[in-house]
Amino acid sequence: MNTEGFFISEIRLAGKNKRNASIVLKKGLNVISGASDTGKTYIFQLINYMFGGKDEPKEIDESIGYSTIFLELEKYEGGSYTLKREIGESSILVYESKIDDISFLQNYVKLKAKHDKDDKDNISTFLLSLTGIKDMLLRKNARGTKVSFSFRNLVALMMLNEEKIISEEVPIFSGIPSNKTTEQSAFKTILTGVDDSHGEEIEDPKIYRTRLEGKLEFVSSLLQKLKLELKEKGAQIQDYDANELAIEIEKLMSTLSNNSKEINLRMGQKKEIWIQEQEIKSRILMLEELLERFRLLEKSYLSDLDRLQFLIEGDHYISQLFDSNCPVCNNPFNSKTTEHNHDFYLEDLQIACSEESNKINAQLIDLRETLTNLQNENKENNEKVKLLSQQIKEIEVIIQLELKPVAVLTKERMDTLLNIKKIFQEIELNERRIAEYQTSQLDIMKELSKKNQKMKFVNEITTEIYDDFATEVKELLDGWNYPDLTSVSIDYDDQELIVSGKKRKNHGKGYRAILNAAFVIAIMKYTRSVGLKHPGMIILDSPLTTYKERLLNQPVSSYEEDISLDMKQAFFKNLSELRNDVQVIIFENIDPIKEVQDNMNYIHFSKVIGVGRYGFIPVDNVSESVSNKPI
């Protein structure tokens, strides 16, 4: 069982120095009965106003001086809220408490009375949240324009005033042609649980036509530009044939490819020669380093030979010296002193020096032979380097003077031909684009010649849903002892009730009121039974009385269709047996019988001072001055 939604537990009217006007309501059936002009319709208007209605309650004599409306709501799942609105104000205060628990310092939320899809701080969004509905969209017109689901869409399906209760219009429709699509969409959304957010949308005809005209102008301008470009490009290629152009380009590409291969081959040869040249140059550097070292070694050998020769010939030179000392022992050389403090004999020194000289001479001969060989090798290497350098220069000459000029000239010719080929391609592309734009131009012109486009409304309520809904209506009518009832169905196209083979609108006002009441109550019962969203509340003004008596106990107008008393009492009895997860509020001139009154919340307005309750608003306000609790 779906327990989402809410019911009204009290509605209270307050004013400065005025006694509160209040009625307490309950779940199930609530009947407020009594004569005309006792405030029943005024209460209906108060409720509608608190549910975001734009029309203020019509002022009656008894309401003068009252300025504040309180509406206490209770969720079926638990929890209380109180709505407070000053008559004439565009905002509603919401307290999370009962009316009697409101204090001066208590927090509240200030909401706009008008629904606004872009601003969630409004009473509609709040009441929808209590119902479990969030962010639903409805179709607004034949173009599929979307509007947000408002609580006012629900009010139209749960509150029937004394005019709408007898209307020939199906209860889901207000009779305003511009609202019909939205009202039909709201009915579909309630019965299926699926809104129209997924539906397509057609642009406004004026905007759509203006956009098409702009597109046509743009396409025509492009066509003119493309045709002019096509003419200019055609003049640039008039001396060329596309097939011959392709053959020549292919030949030039082959020439460039062969030329590139030849250049690459020559560059490879040049690289190999350069590597050989670098290797020989490295060898030359190494040889020059060896030659430099060997020349230093040669100088060292020659220096050693000179020193040894000096030692060998030293005796000759020493004998010619006077007053000289021995270079070995530093004793003076004279005829008297011939022995010196030597560890060896001079003859041995000469022999050693001679042998060392011979040894060094032999090494010197080998060294000079090596020097000669190295010099010869170095000379050969230098000749090789010159030869390799010459080969590199010859290759560079071939590349620079023979191969590269051919590549440059071929590439220049290739670039020229490729530009011509590009023009051929651009001409081909432009011709295709011209054909496409001409097709688009024709399509736009055809579209402009059409009448305003409309979307065909697809009723997403299945026959099974209609059948189940019709069954709910029939069960209600059976319970109300509807006369000669044989069948109930719903017309798929216009949602019209067909009762016993006769359309609802073709019945008289009295029976239309009964059928309209059954229609909206069946909506609530059906949605409750299948777990769909609905506040769980129905409010009806005079479903059993076509025209109200002007005076107490005056017979109803002769224009009223005869509704049997049995049927009227069966109506009350059946509704008094409703489940405890819904609320039905009925404002009526007719009183239910005593036995049925005990099964409902029954409030009677006597319109007689001193007898029971006179009406909704106390009649003894003039002499009383009281302070009402709610702030």
# chains A, B, ... in the order shown; residues from 1 in each chain; ligands from 1
call {"tool": "residues_around", "arguments": {"residues": "Ile617 in chain A", "least_positions_apart": "5", "cutoff": "9 Å", "atoms": "only C-alpha atoms", "output": "PyMOL selection string"}}
result
chain A and resi 13+19-22+38-39+62-63
call {"tool": "select_by_dssp", "arguments": {"residues": "range 480-545 of chain A", "states": "alpha helix (DSSP H)", "output": "number ranges by chain"}}
result
A: 509-530
call {"tool": "residues_around", "arguments": {"residues": "range 66-71 of chain A", "least_positions_apart": "4", "cutoff": "8 Å", "atoms": "only C-alpha atoms", "output": "list in words"}}
result
Ile8, Ser9, Glu10, Ile11, Arg12, Leu13, Ala14, Gly15, Lys16, Lys18, Leu46, Ile47, Met50, Thr82, Leu83, Lys84, Arg85, Glu86, Ile87 and Ile99 of chain A
call {"tool": "write_last_selection", "arguments": {"atoms": "N, CA, C and O atoms", "output": "short mmCIF file (atom, residue, chain, number, x, y, z; two decimals), in the first residue's frame"}}
result
data_model
loop_
_atom_site.label_atom_id
_atom_site.label_comp_id
_atom_site.auth_asym_id
_atom_site.auth_seq_id
_atom_site.Cartn_x
_atom_site.Cartn_y
_atom_site.Cartn_z
N ILE A 8 -5.36 17.00 5.09
CA ILE A 8 -5.57 18.23 5.87
C ILE A 8 -6.14 17.84 7.23
O ILE A 8 -7.15 17.12 7.31
N SER A 9 -5.48 18.30 8.29
CA SER A 9 -5.99 18.01 9.63
C SER A 9 -6.72 19.22 10.24
O SER A 9 -7.56 19.05 11.13
N GLU A 10 -6.42 20.43 9.76
CA GLU A 10 -7.17 21.60 10.25
C GLU A 10 -6.95 22.76 9.30
O GLU A 10 -5.87 22.93 8.72
N ILE A 11 -7.99 23.56 9.12
CA ILE A 11 -7.86 24.84 8.44
C ILE A 11 -8.41 25.90 9.37
O ILE A 11 -9.49 25.74 9.96
N ARG A 12 -7.63 26.96 9.54
CA ARG A 12 -7.98 27.99 10.53
C ARG A 12 -7.82 29.36 9.91
O ARG A 12 -6.84 29.64 9.20
N LEU A 13 -8.79 30.23 10.20
CA LEU A 13 -8.78 31.61 9.73
C LEU A 13 -8.68 32.51 10.95
O LEU A 13 -9.43 32.34 11.91
N ALA A 14 -7.69 33.44 10.92
CA ALA A 14 -7.46 34.30 12.10
C ALA A 14 -7.44 35.76 11.68
O ALA A 14 -7.14 36.10 10.54
N GLY A 15 -7.77 36.61 12.64
CA GLY A 15 -7.73 38.04 12.41
C GLY A 15 -7.62 38.78 13.73
O GLY A 15 -7.93 38.24 14.79
N LYS A 16 -7.16 40.01 13.68
CA LYS A 16 -6.99 40.79 14.89
C LYS A 16 -8.35 41.05 15.54
O LYS A 16 -9.29 41.51 14.90
N LYS A 18 -10.42 38.94 16.46
CA LYS A 18 -11.44 38.04 15.90
C LYS A 18 -11.24 36.65 16.49
O LYS A 18 -10.11 36.20 16.73
N LEU A 46 -10.43 28.80 0.47
CA LEU A 46 -9.27 28.95 1.34
C LEU A 46 -8.24 27.84 1.07
O LEU A 46 -7.03 28.11 0.97
N ILE A 47 -8.72 26.62 0.96
CA ILE A 47 -7.82 25.49 0.71
C ILE A 47 -7.12 25.68 -0.64
O ILE A 47 -5.90 25.51 -0.76
N MET A 50 -4.41 28.24 -0.37
CA MET A 50 -3.23 27.75 0.34
C MET A 50 -2.43 26.75 -0.48
O MET A 50 -1.24 26.54 -0.25
N THR A 82 2.55 23.09 9.02
CA THR A 82 1.52 24.13 8.99
C THR A 82 1.90 25.18 7.98
O THR A 82 3.03 25.70 8.00
N LEU A 83 0.96 25.48 7.07
CA LEU A 83 1.16 26.54 6.09
C LEU A 83 0.46 27.79 6.60
O LEU A 83 -0.67 27.72 7.09
N LYS A 84 1.15 28.92 6.48
CA LYS A 84 0.57 30.20 6.94
C LYS A 84 0.68 31.19 5.79
O LYS A 84 1.75 31.40 5.22
N ARG A 85 -0.46 31.82 5.47
CA ARG A 85 -0.46 32.81 4.38
C ARG A 85 -1.35 33.98 4.74
O ARG A 85 -2.49 33.80 5.18
N GLU A 86 -0.81 35.16 4.57
CA GLU A 86 -1.60 36.39 4.74
C GLU A 86 -2.38 36.61 3.45
O GLU A 86 -1.83 36.51 2.35
N ILE A 87 -3.65 36.87 3.58
CA ILE A 87 -4.48 37.09 2.39
C ILE A 87 -3.94 38.29 1.62
O ILE A 87 -3.74 39.37 2.18
N ILE A 99 -0.47 23.58 14.13
CA ILE A 99 -0.82 25.00 14.28
C ILE A 99 -0.63 25.46 15.73
O ILE A 99 -0.02 26.49 16.00
#
call {"tool": "closest_residue", "arguments": {"among": "A:Ile351, A:Ile237, A:Ala246, A:Leu191", "to": "Ser529 in chain A", "atoms": "only C-alpha atoms"}}
result
A:Leu191
call {"tool": "select_by_dssp", "arguments": {"residues": "range 320-503 of chain A", "states": "strand (DSSP E)", "output": "ChimeraX atom specification"}}
result
/A:488-490,497-499,502-503
call {"tool": "write_last_selection", "arguments": {"atoms": "all heavy atoms", "output": "PDB file, in the first residue's frame"}}
result
ATOM      1  N   VAL A 488     -19.000   0.439 -17.797  1.00  0.00           N
ATOM      2  CA  VAL A 488     -18.244   1.704 -17.748  1.00  0.00           C
ATOM      3  C   VAL A 488     -16.978   1.507 -18.578  1.00  0.00           C
ATOM      4  O   VAL A 488     -16.258   0.526 -18.406  1.00  0.00           O
ATOM      5  CB  VAL A 488     -17.859   2.106 -16.314  1.00  0.00           C
ATOM      6  CG1 VAL A 488     -16.974   3.353 -16.340  1.00  0.00           C
ATOM      7  CG2 VAL A 488     -19.101   2.342 -15.472  1.00  0.00           C
ATOM      8  N   SER A 489     -16.728   2.429 -19.473  1.00  0.00           N
ATOM      9  CA  SER A 489     -15.497   2.402 -20.260  1.00  0.00           C
ATOM     10  C   SER A 489     -15.016   3.831 -20.475  1.00  0.00           C
ATOM     11  O   SER A 489     -15.721   4.783 -20.122  1.00  0.00           O
ATOM     12  CB  SER A 489     -15.720   1.703 -21.610  1.00  0.00           C
ATOM     13  OG  SER A 489     -16.684   2.406 -22.373  1.00  0.00           O
ATOM     14  N   ILE A 490     -13.852   3.941 -21.069  1.00  0.00           N
ATOM     15  CA  ILE A 490     -13.291   5.271 -21.319  1.00  0.00           C
ATOM     16  C   ILE A 490     -12.909   5.384 -22.778  1.00  0.00           C
ATOM     17  O   ILE A 490     -12.252   4.491 -23.334  1.00  0.00           O
ATOM     18  CB  ILE A 490     -12.066   5.532 -20.435  1.00  0.00           C
ATOM     19  CG1 ILE A 490     -12.474   5.463 -18.975  1.00  0.00           C
ATOM     20  CG2 ILE A 490     -11.396   6.849 -20.767  1.00  0.00           C
ATOM     21  CD1 ILE A 490     -11.516   6.035 -18.003  1.00  0.00           C
ATOM     22  N   LEU A 497     -15.794   9.463 -20.125  1.00  0.00           N
ATOM     23  CA  LEU A 497     -16.441   8.307 -19.514  1.00  0.00           C
ATOM     24  C   LEU A 497     -17.663   7.903 -20.337  1.00  0.00           C
ATOM     25  O   LEU A 497     -18.459   8.766 -20.744  1.00  0.00           O
ATOM     26  CB  LEU A 497     -16.899   8.638 -18.092  1.00  0.00           C
ATOM     27  CG  LEU A 497     -15.957   8.382 -16.918  1.00  0.00           C
ATOM     28  CD1 LEU A 497     -16.630   8.809 -15.627  1.00  0.00           C
ATOM     29  CD2 LEU A 497     -15.543   6.923 -16.846  1.00  0.00           C
ATOM     30  N   ILE A 498     -17.799   6.617 -20.579  1.00  0.00           N
ATOM     31  CA  ILE A 498     -18.993   6.105 -21.249  1.00  0.00           C
ATOM     32  C   ILE A 498     -19.676   5.149 -20.268  1.00  0.00           C
ATOM     33  O   ILE A 498     -19.140   4.098 -19.933  1.00  0.00           O
ATOM     34  CB  ILE A 498     -18.642   5.373 -22.553  1.00  0.00           C
ATOM     35  CG1 ILE A 498     -17.871   6.319 -23.493  1.00  0.00           C
ATOM     36  CG2 ILE A 498     -19.894   4.841 -23.231  1.00  0.00           C
ATOM     37  CD1 ILE A 498     -17.358   5.659 -24.742  1.00  0.00           C
ATOM     38  N   VAL A 499     -20.806   5.581 -19.754  1.00  0.00           N
ATOM     39  CA  VAL A 499     -21.526   4.832 -18.721  1.00  0.00           C
ATOM     40  C   VAL A 499     -22.794   4.259 -19.320  1.00  0.00           C
ATOM     41  O   VAL A 499     -23.642   5.002 -19.837  1.00  0.00           O
ATOM     42  CB  VAL A 499     -21.851   5.738 -17.513  1.00  0.00           C
ATOM     43  CG1 VAL A 499     -22.597   4.942 -16.448  1.00  0.00           C
ATOM     44  CG2 VAL A 499     -20.581   6.339 -16.952  1.00  0.00           C
ATOM     45  N   LYS A 502     -23.547   5.454 -22.735  1.00  0.00           N
ATOM     46  CA  LYS A 502     -23.830   6.874 -22.924  1.00  0.00           C
ATOM     47  C   LYS A 502     -22.677   7.707 -22.377  1.00  0.00           C
ATOM     48  O   LYS A 502     -22.204   7.478 -21.261  1.00  0.00           O
ATOM     49  CB  LYS A 502     -25.130   7.240 -22.213  1.00  0.00           C
ATOM     50  CG  LYS A 502     -25.597   8.676 -22.421  1.00  0.00           C
ATOM     51  CD  LYS A 502     -26.923   8.889 -21.699  1.00  0.00           C
ATOM     52  CE  LYS A 502     -27.438  10.302 -21.856  1.00  0.00           C
ATOM     53  NZ  LYS A 502     -28.710  10.514 -21.137  1.00  0.00           N
ATOM     54  N   LYS A 503     -22.214   8.669 -23.192  1.00  0.00           N
ATOM     55  CA  LYS A 503     -21.095   9.502 -22.753  1.00  0.00           C
ATOM     56  C   LYS A 503     -21.499  10.373 -21.572  1.00  0.00           C
ATOM     57  O   LYS A 503     -22.643  10.831 -21.479  1.00  0.00           O
ATOM     58  CB  LYS A 503     -20.590  10.384 -23.903  1.00  0.00           C
ATOM     59  CG  LYS A 503     -19.785   9.618 -24.947  1.00  0.00           C
ATOM     60  CD  LYS A 503     -19.047  10.557 -25.880  1.00  0.00           C
ATOM     61  CE  LYS A 503     -18.134   9.781 -26.817  1.00  0.00           C
ATOM     62  NZ  LYS A 503     -17.318  10.656 -27.670  1.00  0.00           N
TER      63      LYS A 503
END
call {"tool": "atom_distance", "arguments": {"atom1": "CA of Ile539 in chain A", "atom2": "CA of Leu93 in chain A"}}
result
22.9 Å
call {"tool": "residues_around", "arguments": {"residues": "Phe587 in chain A", "least_positions_apart": "5", "cutoff": "10 Å", "atoms": "only C-alpha atoms", "output": "MDAnalysis selection string"}}
result
chainID A and resid 30:34 39:41 43:44 161:162 539:545 603:604
call {"tool": "residues_around", "arguments": {"residues": "Lys215 in chain A", "least_positions_apart": "5", "cutoff": "9 Å", "atoms": "only C-alpha atoms", "output": "PyMOL selection string"}}
result
chain A and resi 210+220+441+444
call {"tool": "residues_around", "arguments": {"residues": "Leu308 in chain A", "least_positions_apart": "4", "cutoff": "8 Å", "atoms": "only C-alpha atoms", "output": "PyMOL selection string"}}
result
chain A and resi 304+312+353-354+356-357
call {"tool": "residues_around", "arguments": {"residues": "Lys110 in chain A", "least_positions_apart": "6", "cutoff": "9 Å", "atoms": "only C-alpha atoms", "output": "PyMOL selection string"}}
result
chain A and resi 91-94+121-123
call {"tool": "closest_residue", "arguments": {"among": "A:Glu250, A:Leu157, A:Phe151, A:Ile392", "to": "Glu272 in chain A", "atoms": "only C-alpha atoms"}}
result
A:Ile392
call {"tool": "closest_residue", "arguments": {"among": "A:Leu417, A:Met159, A:Gln236, A:Arg432", "to": "Ile521 in chain A", "atoms": "only C-alpha atoms"}}
result
A:Met159
call {"tool": "atom_distance", "arguments": {"atom1": "CA of Glu402 in chain A", "atom2": "CA of Glu244 in chain A"}}
result
27.8 Å
call {"tool": "closest_residue", "arguments": {"among": "A:Ser576, A:Thr3, A:Gln569, A:Ser254", "to": "Pro592 in chain A", "atoms": "only C-alpha atoms"}}
result
A:Gln569
call {"tool": "atom_distance", "arguments": {"atom1": "CA of Asp366 in chain A", "atom2": "CA of Asp348 in chain A"}}
result
27.6 Å
